[in-house]
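Note sheet for the following structure.
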Amino acid sequence: MGAGFRATESGTPPGYPISLSPSIRTDRLYNAFFQDEISLASDLWLTVGSKIEHNAYTGFEYEPSVRVAWTPTNRHTLWASASRAIRQPTRGETGVSVELAEFPLDPYTLLTTRLHGNPHFQSEELRDVEIGYRAQWTTRLSFDGDAFLSYYRHLQTLEVQPQMVNATSLPVRIEIPLIYGNLGRATNYGAEVSLAWAATPRWRIATGYAWLHTNPGLEPGSTDQLSRDLLLDSPEHSFQIRSTVNVGHGLEWGQTLYWTARLPDGASPNHARLDSRLAWRLGERTEISIVGQNLLRPRFLEYSDTFQILGAQVQRSVFGKITWTF
């Protein structure tokens with residue numbers, strides 16, 4: 001068991017196109033957790049626990065979990081779990097005010113779109129169930145697989161509000177207000193499998209595959225036009241294979257190849273990515289490494305941005321690192 005406390009002060013000075021209400025705010029987060037592992041039999045274990053917190057936006061929240069594991073032999077484990085998790089609101093979702101766009105309709109009329117925070121924004125909620133199987137088939141070969149079903153509720157949406165007209169001066173301003181809401185939902189399911197093989201005492205290979213099906217939706221009465229498309233911004237299939245070779249004399253060379261399927265919304269095509277890492281360990285405390293990421297191409301678009309206007313591209317990079325542990 002344990003407990004924690006965090007205080008965060010944030011604010012925006014005047015003169016910027018974005019403002020927060022109140023302009024300066026201190027948020028306090030109190031949390032506690034407990035977990036107990038109970039032996040029901042020599043080969044059956046039950047783990048129960050929960051995290052309890054009090055945040056500045058929605059008050060008390062709880063995140064319980066329960067897990068059961070059965071090990072009929074020391075090489076095989078079957079397990080199942082159920083849990084609840086939340087994402088608490090942010091300052092932006094509760095108190096932001098920012099102009100997103102401005103268009104002239106004619107010399108005397110402007111059309112603007114402004115995003116407003118919602119002081120009654122709720123926490124987003126996930127309820128998840130999983131089952132899995134883990135096996136050490138041989139001294140060199142192990143397998144891990146699981147399937148999951150996830151229910152998301154109170155997801156963030158952008159709700160269109162009635163138009164507001166300000167005709168006290170020219171140009172006349174017609175504002176289309178947007179406000180954060182909690183009218184999104186989704187039911188996702190999928191599976192993951194991984195295989196690890198010690199090909200030789202010096203060479204290890206690990207592969208993994210993940211399948212994800214997303215089924216987003218909106219609650220009745222929602223006027224949102226963007227959030228459902230953003231929930232589709234996750235690949236349905238992804239695969240990776242990782243190779244690690246112990247060259248000797250403290251030198252290790254690792255390479256990882258990733259493959260990601262085309263995003264369902266078409267924002268990014270399927271693509272491959274290759275990372276490589278060469279590390280030299282000096283004793284037990286120091287390691288020097290050089291890492292190359294995204295080596296197959298100069299840059300590529302992995303995801304679009306929030307409003308699907310312009311997404312940042314992932315670029316090829318090489319860097320060195322020195323790690324000292326104590």
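Naming works like this for the structure tokens: A, B, ... for the chains as they're shown, residue 1 at the start of each chain, ligands 1 onward in shown order.
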
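Taking only C-alpha atoms, the non-local environment of A:Thr90 within 12 Å (same-chain residues fewer than 3 positions away omitted) comprises Thr8, Ser10, Leu20, Arg25, Asp27, Asn55, Ala56, Tyr57, Thr58, Arg87, Glu93, Thr94, Gly95, Val96, Gly117, Asn118, Pro119, His120, Phe121, Gln122, Ser123, Glu124, Gln156 and Tyr180 of chain A.
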
(request) Tell me which protein, DNA and RNA residues are within 8 Å of A:Arg204, counting only C-alpha atoms, leaving out same-chain ones fewer than 6 positions away, and put them as a list in words. (result) Ala196, Trp197, Ala198, Ser243, Thr244 and Val245 of chain A

Go ahead and save the residues from that selection, with all heavy atoms, as a PDB file, in the first residue's frame.
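Here's the written file out-v6.pdb:
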ATOM      1  N   ALA A 196       9.458 -15.482 -27.878  1.00  0.00           N
ATOM      2  CA  ALA A 196      10.863 -15.186 -27.605  1.00  0.00           C
ATOM      3  C   ALA A 196      11.680 -16.459 -27.767  1.00  0.00           C
ATOM      4  O   ALA A 196      11.315 -17.514 -27.242  1.00  0.00           O
ATOM      5  CB  ALA A 196      11.025 -14.626 -26.197  1.00  0.00           C
ATOM      6  N   TRP A 197      12.790 -16.344 -28.491  1.00  0.00           N
ATOM      7  CA  TRP A 197      13.615 -17.515 -28.816  1.00  0.00           C
ATOM      8  C   TRP A 197      15.077 -17.177 -28.582  1.00  0.00           C
ATOM      9  O   TRP A 197      15.586 -16.188 -29.143  1.00  0.00           O
ATOM     10  CB  TRP A 197      13.381 -17.922 -30.273  1.00  0.00           C
ATOM     11  CG  TRP A 197      14.242 -19.063 -30.746  1.00  0.00           C
ATOM     12  CD1 TRP A 197      14.562 -20.195 -30.053  1.00  0.00           C
ATOM     13  CD2 TRP A 197      14.883 -19.184 -32.014  1.00  0.00           C
ATOM     14  NE1 TRP A 197      15.356 -21.024 -30.804  1.00  0.00           N
ATOM     15  CE2 TRP A 197      15.571 -20.430 -32.021  1.00  0.00           C
ATOM     16  CE3 TRP A 197      14.931 -18.390 -33.144  1.00  0.00           C
ATOM     17  CZ2 TRP A 197      16.304 -20.864 -33.116  1.00  0.00           C
ATOM     18  CZ3 TRP A 197      15.654 -18.824 -34.233  1.00  0.00           C
ATOM     19  CH2 TRP A 197      16.336 -20.054 -34.218  1.00  0.00           C
ATOM     20  N   ALA A 198      15.728 -17.977 -27.770  1.00  0.00           N
ATOM     21  CA  ALA A 198      17.172 -17.848 -27.578  1.00  0.00           C
ATOM     22  C   ALA A 198      17.846 -18.756 -28.609  1.00  0.00           C
ATOM     23  O   ALA A 198      18.046 -19.951 -28.368  1.00  0.00           O
ATOM     24  CB  ALA A 198      17.567 -18.239 -26.157  1.00  0.00           C
ATOM     25  N   SER A 243      16.005  -8.334 -32.599  1.00  0.00           N
ATOM     26  CA  SER A 243      17.173  -9.205 -32.531  1.00  0.00           C
ATOM     27  C   SER A 243      18.231  -8.560 -31.647  1.00  0.00           C
ATOM     28  O   SER A 243      18.535  -7.373 -31.800  1.00  0.00           O
ATOM     29  CB  SER A 243      17.743  -9.443 -33.938  1.00  0.00           C
ATOM     30  OG  SER A 243      19.002 -10.083 -33.867  1.00  0.00           O
ATOM     31  N   THR A 244      18.792  -9.332 -30.714  1.00  0.00           N
ATOM     32  CA  THR A 244      19.831  -8.842 -29.822  1.00  0.00           C
ATOM     33  C   THR A 244      20.988  -9.839 -29.820  1.00  0.00           C
ATOM     34  O   THR A 244      20.777 -11.033 -29.559  1.00  0.00           O
ATOM     35  CB  THR A 244      19.300  -8.662 -28.389  1.00  0.00           C
ATOM     36  OG1 THR A 244      18.143  -7.834 -28.410  1.00  0.00           O
ATOM     37  CG2 THR A 244      20.364  -8.036 -27.497  1.00  0.00           C
ATOM     38  N   VAL A 245      22.170  -9.334 -30.131  1.00  0.00           N
ATOM     39  CA  VAL A 245      23.359 -10.177 -30.212  1.00  0.00           C
ATOM     40  C   VAL A 245      24.387  -9.682 -29.207  1.00  0.00           C
ATOM     41  O   VAL A 245      24.734  -8.487 -29.201  1.00  0.00           O
ATOM     42  CB  VAL A 245      23.967 -10.166 -31.629  1.00  0.00           C
ATOM     43  CG1 VAL A 245      25.219 -11.046 -31.680  1.00  0.00           C
ATOM     44  CG2 VAL A 245      22.941 -10.631 -32.657  1.00  0.00           C
TER      45      VAL A 245
END

(request) Pull the alpha helix (DSSP H) assignments for stretch 108-271 of chain A out of DSSP run on the backbone, and list those residues as a PyMOL selection string. (result) chain A and resi 227-231

(message) as a list in words, please: the residues near A:Gly283 (cut-off 12 Å, only C-alpha atoms, same-chain neighbours under 6 positions excluded).
(response)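 Here the qualifying residues turn out to be His249, Gly250, Leu251, Thr323, Trp324 and Thr325 of chain A.
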
I need the chosen residues saved as a PDB file, in the first residue's frame, with N, CA and C atoms.
ATOM      1  N   HIS A 249      32.845  -9.072 -24.914  1.00  0.00           N
ATOM      2  CA  HIS A 249      33.619  -7.983 -24.304  1.00  0.00           C
ATOM      3  C   HIS A 249      32.717  -6.798 -23.951  1.00  0.00           C
ATOM      4  N   GLY A 250      31.483  -7.100 -23.475  1.00  0.00           N
ATOM      5  CA  GLY A 250      30.557  -6.051 -23.066  1.00  0.00           C
ATOM      6  C   GLY A 250      29.840  -5.348 -24.193  1.00  0.00           C
ATOM      7  N   LEU A 251      29.995  -5.819 -25.431  1.00  0.00           N
ATOM      8  CA  LEU A 251      29.387  -5.172 -26.593  1.00  0.00           C
ATOM      9  C   LEU A 251      28.106  -5.907 -27.001  1.00  0.00           C
ATOM     10  N   THR A 323      25.096   6.112 -19.954  1.00  0.00           N
ATOM     11  CA  THR A 323      24.247   5.788 -18.817  1.00  0.00           C
ATOM     12  C   THR A 323      25.124   5.332 -17.657  1.00  0.00           C
ATOM     13  N   TRP A 324      24.925   5.962 -16.515  1.00  0.00           N
ATOM     14  CA  TRP A 324      25.657   5.567 -15.314  1.00  0.00           C
ATOM     15  C   TRP A 324      24.642   5.285 -14.206  1.00  0.00           C
ATOM     16  N   THR A 325      24.681   4.114 -13.643  1.00  0.00           N
ATOM     17  CA  THR A 325      23.765   3.720 -12.579  1.00  0.00           C
ATOM     18  C   THR A 325      24.503   3.663 -11.252  1.00  0.00           C
TER      19      THR A 325
END

(request) Kindly indicate which residue among A:Leu274, A:Leu100, A:Leu195, A:Leu263 lies nearest to A:Ala135, using only C-alpha atoms for the distances. (result)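 That would be A:Leu195, the residue with the smallest distance to A:Ala135.
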
(message) Env of A:Arg6: 8 Å cut, atoms = only C-alpha atoms, seq-sep filter 4 positions within chain, self excluded. Answer as a count of residues only.
(response) 3

(request) Return the single residue from A:Gln136, A:Ser317, A:Gln163, A:Gln225 that is closest to A:Arg75, with distances computed using only C-alpha atoms. (result) A:Gln136

(request) Tell me which protein, DNA and RNA residues are within 12 Å of stretch 140-150 of chain A, counting only C-alpha atoms, leaving out same-chain ones fewer than 3 positions away, and put them as number ranges by chain. (result) A: 75-85, 125-137, 153, 185-216

So that each row is one residue of stretch 44-120 of chain A with an atom at most 7 Å from stretch 165-174 of chain A, can you give its shortest atom pair and the distance in Å to one decimal, using only C-alpha atoms, rows by chain and rising number, as JSON lines?
{"residue": "A:Tyr108", "atom": "CA", "partner": "A:Pro171", "partner_atom": "CA", "distance": 4.5}
{"residue": "A:Thr109", "atom": "CA", "partner": "A:Val172", "partner_atom": "CA", "distance": 4.7}
{"residue": "A:Leu110", "atom": "CA", "partner": "A:Arg173", "partner_atom": "CA", "distance": 4.9}
{"residue": "A:Leu111", "atom": "CA", "partner": "A:Ile174", "partner_atom": "CA", "distance": 4.9}
{"residue": "A:Thr112", "atom": "CA", "partner": "A:Ile174", "partner_atom": "CA", "distance": 6.2}

Kindly export the residues of the current selection with N, CA, C and O atoms, as a PDB file, in the first residue's frame.
ATOM      1  N   TYR A 108     -17.939  43.111 -44.477  1.00  0.00           N
ATOM      2  CA  TYR A 108     -18.511  43.603 -43.232  1.00  0.00           C
ATOM      3  C   TYR A 108     -18.845  42.482 -42.239  1.00  0.00           C
ATOM      4  O   TYR A 108     -19.398  42.759 -41.170  1.00  0.00           O
ATOM      5  N   THR A 109     -18.498  41.229 -42.569  1.00  0.00           N
ATOM      6  CA  THR A 109     -18.898  40.110 -41.717  1.00  0.00           C
ATOM      7  C   THR A 109     -17.746  39.116 -41.573  1.00  0.00           C
ATOM      8  O   THR A 109     -17.115  38.733 -42.571  1.00  0.00           O
ATOM      9  N   LEU A 110     -17.490  38.703 -40.331  1.00  0.00           N
ATOM     10  CA  LEU A 110     -16.479  37.695 -40.040  1.00  0.00           C
ATOM     11  C   LEU A 110     -17.149  36.490 -39.383  1.00  0.00           C
ATOM     12  O   LEU A 110     -18.018  36.637 -38.507  1.00  0.00           O
ATOM     13  N   LEU A 111     -16.725  35.306 -39.799  1.00  0.00           N
ATOM     14  CA  LEU A 111     -17.201  34.071 -39.189  1.00  0.00           C
ATOM     15  C   LEU A 111     -16.041  33.466 -38.398  1.00  0.00           C
ATOM     16  O   LEU A 111     -14.967  33.216 -38.951  1.00  0.00           O
ATOM     17  N   THR A 112     -16.233  33.261 -37.115  1.00  0.00           N
ATOM     18  CA  THR A 112     -15.178  32.730 -36.267  1.00  0.00           C
ATOM     19  C   THR A 112     -15.652  31.446 -35.581  1.00  0.00           C
ATOM     20  O   THR A 112     -16.855  31.239 -35.373  1.00  0.00           O
TER      21      THR A 112
END

(request) Run DSSP on the backbone and grab whatever in stretch 7-212 of chain A lands in strand (DSSP E); send it over as JSON, numbers by chain. (result) {"A": [7, 8, 9, 10, 11, 18, 19, 20, 24, 25, 26, 27, 28, 29, 30, 31, 32, 33, 34, 35, 36, 37, 38, 39, 40, 41, 44, 45, 46, 47, 48, 49, 50, 51, 52, 53, 54, 55, 59, 60, 61, 62, 63, 64, 65, 66, 67, 68, 69, 70, 71, 72, 73, 76, 77, 78, 79, 80, 81, 82, 83, 84, 85, 86, 87, 96, 97, 98, 99, 100, 101, 102, 103, 104, 105, 106, 109, 110, 111, 112, 113, 114, 115, 116, 124, 125, 126, 127, 128, 129, 130, 131, 132, 133, 134, 135, 136, 141, 142, 143, 144, 145, 146, 147, 148, 149, 150, 151, 152, 153, 154, 155, 156, 157, 158, 159, 160, 164, 165, 166, 172, 173, 174, 175, 176, 177, 178, 179, 180, 181, 182, 183, 184, 185, 186, 187, 188, 189, 190, 191, 192, 193, 194, 195, 196, 197, 198, 199, 200, 203, 204, 205, 206, 207, 208, 209, 210, 211, 212]}

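For the choices A:Gly221, A:Pro89, A:Gly49, A:Pro177, the atom-to-atom distance to A:Arg67 is smallest for A:Gly49 when using only C-alpha atoms.
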
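The coordinates place atom CA of A:Gly2 at 14.6 Å from atom CA of A:His54.
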
Residues near A:Asp265, anyone? I mean within 9 Å using only C-alpha atoms, not counting same-chain ones fewer than 5 positions away, as a compact mmCIF listing (two decimals) with C-alpha atoms, in the first residue's frame.
# COMPACT_ATOMS: atom_id res chain seq x y z
CA ASP A 229 -12.63 10.08 -36.73
CA LEU A 230 -9.85 10.64 -34.19
CA LEU A 232 -10.18 5.61 -35.72
CA ASP A 233 -6.62 6.97 -35.77
CA SER A 234 -5.16 3.66 -34.51
